[in-house]
>>> print(open('final_15.pdb').read())   # PDB, C-alpha atoms
ATOM      1  CA  GLN V 251      88.567  11.584 -77.144
ATOM      2  CA  VAL V 252      89.377  12.247 -73.502
ATOM      3  CA  GLN V 253      90.041  15.710 -72.123
ATOM      4  CA  LEU V 254      92.194  16.111 -69.041
ATOM      5  CA  VAL V 255      92.483  19.220 -66.928
ATOM      6  CA  GLU V 256      95.058  19.635 -64.189
ATOM      7  CA  SER V 257      94.646  22.078 -61.338
ATOM      8  CA  GLY V 258      96.107  22.851 -57.964
ATOM      9  CA  GLY V 259      99.496  24.131 -58.951
ATOM     10  CA  GLY V 260     100.912  27.235 -57.425
ATOM     11  CA  SER V 261     103.676  28.657 -55.361
ATOM     12  CA  VAL V 262     104.812  27.059 -52.125
ATOM     13  CA  GLN V 263     107.813  27.290 -49.863
ATOM     14  CA  VAL V 264     110.342  24.535 -49.409
ATOM     15  CA  GLY V 265     108.896  21.972 -47.049
ATOM     16  CA  GLY V 266     105.351  22.876 -47.950
ATOM     17  CA  SER V 267     102.575  20.847 -49.515
ATOM     18  CA  LEU V 268     100.340  20.984 -52.549
ATOM     19  CA  THR V 269      97.699  18.707 -53.968
ATOM     20  CA  LEU V 270      97.298  18.528 -57.715
ATOM     21  CA  SER V 271      94.067  17.377 -59.293
ATOM     22  CA  CYS V 272      93.402  15.830 -62.682
ATOM     23  CA  THR V 273      89.856  15.847 -63.987
ATOM     24  CA  ALA V 274      88.894  13.715 -66.971
ATOM     25  CA  SER V 275      85.915  14.264 -69.234
ATOM     26  CA  GLY V 276      84.410  10.942 -68.161
ATOM     27  CA  THR V 277      84.944   7.934 -65.963
ATOM     28  CA  ILE V 278      88.394   6.375 -66.018
ATOM     29  CA  PHE V 279      87.789   2.712 -65.338
ATOM     30  CA  GLY V 280      90.480   0.633 -66.993
ATOM     31  CA  TRP V 281      92.872   3.505 -67.632
ATOM     32  CA  THR V 282      96.268   3.918 -66.032
ATOM     33  CA  MET V 283      96.852   7.413 -64.727
ATOM     34  CA  GLY V 284     100.280   8.949 -64.491
ATOM     35  CA  TRP V 285     101.660  12.211 -63.207
ATOM     36  CA  TYR V 286     104.687  13.516 -65.046
ATOM     37  CA  ARG V 287     106.767  16.632 -64.692
ATOM     38  CA  GLN V 288     109.003  18.633 -66.919
ATOM     39  CA  ALA V 289     111.376  21.330 -65.751
ATOM     40  CA  PRO V 290     112.915  23.865 -68.167
ATOM     41  CA  GLY V 291     115.657  22.268 -70.221
ATOM     42  CA  LYS V 292     114.900  18.790 -68.922
ATOM     43  CA  GLN V 293     113.051  15.813 -70.262
ATOM     44  CA  ARG V 294     109.593  14.970 -69.071
ATOM     45  CA  GLU V 295     109.771  12.343 -66.350
ATOM     46  CA  LEU V 296     107.335  10.035 -64.671
ATOM     47  CA  VAL V 297     106.578  11.031 -61.092
ATOM     48  CA  ALA V 298     103.939   8.493 -60.136
ATOM     49  CA  SER V 299     101.377   6.208 -61.694
ATOM     50  CA  ILE V 300      98.318   4.300 -60.556
ATOM     51  CA  ASN V 301      96.460   1.618 -62.425
ATOM     52  CA  THR V 302      92.731   1.057 -62.424
ATOM     53  CA  SER V 303      93.035  -1.329 -59.485
ATOM     54  CA  GLY V 304      94.964   1.191 -57.411
ATOM     55  CA  THR V 305      98.454  -0.234 -57.719
ATOM     56  CA  THR V 306     100.944   2.591 -57.513
ATOM     57  CA  THR V 307     104.507   3.280 -58.583
ATOM     58  CA  TYR V 308     106.697   6.229 -57.693
ATOM     59  CA  ALA V 309     109.912   7.733 -58.918
ATOM     60  CA  ASP V 310     112.678   7.328 -56.369
ATOM     61  CA  ALA V 311     112.942  11.101 -56.036
ATOM     62  CA  VAL V 312     109.418  11.398 -54.633
ATOM     63  CA  LYS V 313     108.952   8.158 -52.693
ATOM     64  CA  GLY V 314     107.712   8.819 -49.210
ATOM     65  CA  ARG V 315     106.742  12.412 -50.044
ATOM     66  CA  PHE V 316     104.155  12.141 -52.823
ATOM     67  CA  THR V 317     100.963  10.112 -52.904
ATOM     68  CA  ILE V 318      98.931   9.375 -56.004
ATOM     69  CA  SER V 319      95.267   8.461 -55.822
ATOM     70  CA  ARG V 320      92.216   8.275 -58.057
ATOM     71  CA  ASP V 321      88.458   7.932 -58.195
ATOM     72  CA  ASN V 322      87.425   5.976 -61.284
ATOM     73  CA  ALA V 323      83.742   6.867 -61.134
ATOM     74  CA  LYS V 324      84.417  10.576 -60.731
ATOM     75  CA  GLY V 325      87.100  10.530 -63.403
ATOM     76  CA  MET V 326      89.575  12.204 -61.109
ATOM     77  CA  GLY V 327      93.068  11.719 -59.818
ATOM     78  CA  TRP V 328      95.251  13.498 -57.319
ATOM     79  CA  LEU V 329      98.882  13.925 -56.501
ATOM     80  CA  GLN V 330      99.472  14.870 -52.890
ATOM     81  CA  MET V 331     102.916  16.434 -52.600
ATOM     82  CA  ASN V 332     104.491  16.912 -49.188
ATOM     83  CA  SER V 333     107.903  18.104 -48.055
ATOM     84  CA  LEU V 334     108.420  19.867 -51.332
ATOM     85  CA  LYS V 335     111.954  20.583 -52.430
ATOM     86  CA  SER V 336     113.299  23.155 -54.838
ATOM     87  CA  GLU V 337     113.992  20.374 -57.319
ATOM     88  CA  ASP V 338     110.276  19.558 -57.408
ATOM     89  CA  GLU V 339     109.624  22.856 -59.169
ATOM     90  CA  SER V 340     108.252  21.967 -62.574
ATOM     91  CA  ILE V 341     105.205  21.789 -64.769
ATOM     92  CA  TYR V 342     103.172  18.755 -63.790
ATOM     93  CA  TYR V 343     101.143  16.844 -66.349
ATOM     94  CA  CYS V 344      98.471  14.218 -65.988
ATOM     95  CA  LYS V 345      98.277  11.364 -68.464
ATOM     96  CA  LEU V 346      95.784   8.591 -69.051
ATOM     97  CA  ASN V 347      96.726   5.567 -71.069
ATOM     98  CA  TRP V 348      95.092   2.288 -72.080
ATOM     99  CA  HIS V 349      97.153   0.034 -74.323
ATOM    100  CA  ASP V 350      98.306   2.285 -77.190
ATOM    101  CA  GLU V 351      95.856   5.078 -76.477
ATOM    102  CA  GLU V 352      96.978   8.009 -74.370
ATOM    103  CA  TYR V 353      95.835  11.495 -73.471
ATOM    104  CA  TRP V 354      97.646  14.363 -71.782
ATOM    105  CA  GLY V 355      96.535  17.420 -69.926
ATOM    106  CA  HIS V 356      98.045  20.825 -70.501
ATOM    107  CA  GLY V 357      99.910  20.913 -67.217
ATOM    108  CA  THR V 358      99.929  22.911 -64.026
ATOM    109  CA  ARG V 359     102.940  24.800 -62.745
ATOM    110  CA  VAL V 360     104.455  24.195 -59.326
ATOM    111  CA  ILE V 361     106.872  26.766 -57.972
ATOM    112  CA  VAL V 362     108.914  25.952 -54.876
ATOM    113  CA  SER V 363     110.709  28.847 -53.250
ATOM    114  CA  SER V 364     113.209  28.916 -50.418
TER
END
>>> encode(input="final_15.pdb", output="structure tokens")
Amino acid sequence: QVQLVESGGGSVQVGGSLTLSCTASGTIFGWTMGWYRQAPGKQRELVASINTSGTTTYADAVKGRFTISRDNAKGMGWLQMNSLKSEDESIYYCKLNWHDEEYWGHGTRVIVSS
């Protein structure tokens, strides 16, 4: 069993920046880490992912603004969010997956105000 805890959410103005953190209960070698978000009334969507080798993917909506990173030995991952827009307001979740096994955190809320 893997526990994930997200942190770093909060309130920021449009154009501002936030860095979200995801802390796992152990090392994360071999796992793929993803950041997802879910706004009220909308489906959860993938924001960015990074595999154990550091290969990254991003949703088109965040390309060039968000950066995902990780430290396998520390069991941590980050989502650096710059140039935040009102449509980025959401609850952000961290997920680890390896083949059919996956674990989710409880989420951290990001509020973007104009």
>>> closest_atom_pairs(input="final_15.pdb", of="stretch 329-361 of chain V", to="stretch 266-287 of chain V", cutoff="9 Å", atoms="only C-alpha atoms", output="JSON lines")
{"residue": "V:Leu329", "atom": "CA", "partner": "V:Leu270", "partner_atom": "CA", "distance": 5.0}
{"residue": "V:Gln330", "atom": "CA", "partner": "V:Thr269", "partner_atom": "CA", "distance": 4.4}
{"residue": "V:Met331", "atom": "CA", "partner": "V:Leu268", "partner_atom": "CA", "distance": 5.2}
{"residue": "V:Asn332", "atom": "CA", "partner": "V:Ser267", "partner_atom": "CA", "distance": 4.4}
{"residue": "V:Ser333", "atom": "CA", "partner": "V:Gly266", "partner_atom": "CA", "distance": 5.4}
{"residue": "V:Leu334", "atom": "CA", "partner": "V:Gly266", "partner_atom": "CA", "distance": 5.5}
{"residue": "V:Lys335", "atom": "CA", "partner": "V:Gly266", "partner_atom": "CA", "distance": 8.3}
{"residue": "V:Asp338", "atom": "CA", "partner": "V:Arg287", "partner_atom": "CA", "distance": 8.6}
{"residue": "V:Glu339", "atom": "CA", "partner": "V:Arg287", "partner_atom": "CA", "distance": 8.8}
{"residue": "V:Ser340", "atom": "CA", "partner": "V:Arg287", "partner_atom": "CA", "distance": 5.9}
{"residue": "V:Ile341", "atom": "CA", "partner": "V:Arg287", "partner_atom": "CA", "distance": 5.4}
{"residue": "V:Tyr342", "atom": "CA", "partner": "V:Arg287", "partner_atom": "CA", "distance": 4.3}
{"residue": "V:Tyr343", "atom": "CA", "partner": "V:Tyr286", "partner_atom": "CA", "distance": 5.0}
{"residue": "V:Cys344", "atom": "CA", "partner": "V:Trp285", "partner_atom": "CA", "distance": 4.7}
{"residue": "V:Lys345", "atom": "CA", "partner": "V:Gly284", "partner_atom": "CA", "distance": 5.1}
{"residue": "V:Leu346", "atom": "CA", "partner": "V:Met283", "partner_atom": "CA", "distance": 4.6}
{"residue": "V:Asn347", "atom": "CA", "partner": "V:Thr282", "partner_atom": "CA", "distance": 5.3}
{"residue": "V:Trp348", "atom": "CA", "partner": "V:Trp281", "partner_atom": "CA", "distance": 5.1}
{"residue": "V:His349", "atom": "CA", "partner": "V:Trp281", "partner_atom": "CA", "distance": 8.7}
{"residue": "V:Gly355", "atom": "CA", "partner": "V:Cys272", "partner_atom": "CA", "distance": 8.1}
{"residue": "V:Gly357", "atom": "CA", "partner": "V:Arg287", "partner_atom": "CA", "distance": 8.5}
{"residue": "V:Thr358", "atom": "CA", "partner": "V:Leu270", "partner_atom": "CA", "distance": 8.1}
{"residue": "V:Val360", "atom": "CA", "partner": "V:Leu268", "partner_atom": "CA", "distance": 8.6}
>>> write_last_selection(input="final_15.pdb", atoms="C-alpha atoms", output="PDB file, in the frame of the given file")
ATOM      1  CA  LEU V 329      98.882  13.925 -56.501  1.00  0.00           C
ATOM      2  CA  GLN V 330      99.472  14.870 -52.890  1.00  0.00           C
ATOM      3  CA  MET V 331     102.916  16.434 -52.600  1.00  0.00           C
ATOM      4  CA  ASN V 332     104.491  16.912 -49.188  1.00  0.00           C
ATOM      5  CA  SER V 333     107.903  18.104 -48.055  1.00  0.00           C
ATOM      6  CA  LEU V 334     108.420  19.867 -51.332  1.00  0.00           C
ATOM      7  CA  LYS V 335     111.954  20.583 -52.430  1.00  0.00           C
ATOM      8  CA  ASP V 338     110.276  19.558 -57.408  1.00  0.00           C
ATOM      9  CA  GLU V 339     109.624  22.856 -59.169  1.00  0.00           C
ATOM     10  CA  SER V 340     108.252  21.967 -62.574  1.00  0.00           C
ATOM     11  CA  ILE V 341     105.205  21.789 -64.769  1.00  0.00           C
ATOM     12  CA  TYR V 342     103.172  18.755 -63.790  1.00  0.00           C
ATOM     13  CA  TYR V 343     101.143  16.844 -66.349  1.00  0.00           C
ATOM     14  CA  CYS V 344      98.471  14.218 -65.988  1.00  0.00           C
ATOM     15  CA  LYS V 345      98.277  11.364 -68.464  1.00  0.00           C
ATOM     16  CA  LEU V 346      95.784   8.591 -69.051  1.00  0.00           C
ATOM     17  CA  ASN V 347      96.726   5.567 -71.069  1.00  0.00           C
ATOM     18  CA  TRP V 348      95.092   2.288 -72.080  1.00  0.00           C
ATOM     19  CA  HIS V 349      97.153   0.034 -74.323  1.00  0.00           C
ATOM     20  CA  GLY V 355      96.535  17.420 -69.926  1.00  0.00           C
ATOM     21  CA  GLY V 357      99.910  20.913 -67.217  1.00  0.00           C
ATOM     22  CA  THR V 358      99.929  22.911 -64.026  1.00  0.00           C
ATOM     23  CA  VAL V 360     104.455  24.195 -59.326  1.00  0.00           C
TER      24      VAL V 360
END
>>> axis_aligned_box(input="final_15.pdb", around="stretch 284-290 of chain V", padding_each_side="3 Å", output="JSON")
{"center_x": 106.6, "center_y": 16.4, "center_z": -65.7, "size_x": 18.6, "size_y": 20.9, "size_z": 11.0}
>>> atom_distance(input="final_15.pdb", atom1="atom CA of V:Ala298", atom2="atom CA of V:Ala323")
20.3 Å
>>> closest_residue(input="final_15.pdb", among="V:Gly260, V:Gly304, V:Pro290, V:Gly265", to="V:Asn322", atoms="only C-alpha atoms")
V:Gly304
>>> resolve_selection(input="final_15.pdb", expression="the PyMOL selection byres ((chain V and resi 363) around 8)", output="VMD selection string")
chain V and resid 261 to 264 336 361 to 362 364
>>> write_last_selection(input="final_15.pdb", atoms="C-alpha atoms", output="CSV table (one decimal), in the frame of the given file")
chain,number,residue,atom,x,y,z
V,261,SER,CA,103.7,28.7,-55.4
V,262,VAL,CA,104.8,27.1,-52.1
V,263,GLN,CA,107.8,27.3,-49.9
V,264,VAL,CA,110.3,24.5,-49.4
V,336,SER,CA,113.3,23.2,-54.8
V,361,ILE,CA,106.9,26.8,-58.0
V,362,VAL,CA,108.9,26.0,-54.9
V,364,SER,CA,113.2,28.9,-50.4
>>> closest_residue(input="final_15.pdb", among="V:Thr302, V:Ala289, V:Val297, V:Glu337", to="V:Gly325", atoms="all atoms listed in the file")
V:Thr302
>>> closest_residue(input="final_15.pdb", among="V:Ser319, V:Gly258, V:Arg359, V:Tyr353", to="V:Ile300", atoms="only C-alpha atoms")
V:Ser319
>>> atom_distance(input="final_15.pdb", atom1="atom CA of V:Ser257", atom2="atom CA of V:Thr317")
15.9 Å
>>> atom_distance(input="final_15.pdb", atom1="atom CA of V:Asp310", atom2="atom CA of V:Trp328")
18.5 Å
